[in-house]
Amino acid sequence: MFREMQKSSNEELKAKLEHPLWSFYQTLALLNLHLRGEDVQPYLPRVLALLESEDSVTRLFGRDALALAYTPLAKQLHDLGYDPHASTEDCRVKAAQLRQKI
């Protein structure tokens, strides 16, 4: 999977980010785009939405994507006490607080 990502063009990586379900695969594509100097800001709304998911695993993917591609925002989220294993309501409150800071 790592080699596939390295060999993928930027357009192929962007296409992977359009998949309706987010997993580690999409996080890795996002990271590769970020490391290549591509603008990943257009994907931030989707990553923020992951933080608000009813599914804790999806929230984990969101937190990890934020940490890898939007590090300053991840620090702010951490400072808010965001825990992807907390209740959905708590996660949504913390994500909303982060959105207000952006």
# chains A, B, ... in the order shown; residues from 1 in each chain; ligands from 1

call {"tool": "residues_around", "arguments": {"residues": "segment 10-19 of chain A", "least_positions_apart": "4", "cutoff": "8 Å", "atoms": "only C-alpha atoms", "output": "PyMOL selection string"}}
result
chain A and resi 5+26+29-30+32-33

call {"tool": "residues_around", "arguments": {"residues": "segment 82-99 of chain A", "least_positions_apart": "5", "cutoff": "10 Å", "atoms": "only C-alpha atoms", "output": "number ranges by chain"}}
result
A: 45, 48-63, 73-74, 76-77

call {"tool": "closest_residue", "arguments": {"among": "A:Ile102, A:Gly37, A:Ala65, A:Tyr43", "to": "Tyr25 of chain A", "atoms": "only C-alpha atoms"}}
result
A:Ala65

call {"tool": "select_by_dssp", "arguments": {"residues": "segment 35-75 of chain A", "states": "helix (DSSP H, G or I)", "output": "JSON, numbers by chain"}}
result
{"A": [35, 41, 42, 43, 44, 45, 46, 47, 48, 49, 50, 51, 56, 57, 58, 59, 60, 61, 62, 63, 64, 65, 66, 67, 68, 69, 71, 72, 73, 74, 75]}

call {"tool": "atom_distance", "arguments": {"atom1": "atom CA of Leu66 of chain A", "atom2": "atom CA of Pro20 of chain A"}}
result
18.0 Å

call {"tool": "closest_residue", "arguments": {"among": "A:Leu80, A:Asp64, A:Val47, A:Met1", "to": "Lys101 of chain A", "atoms": "only C-alpha atoms"}}
result
A:Leu80
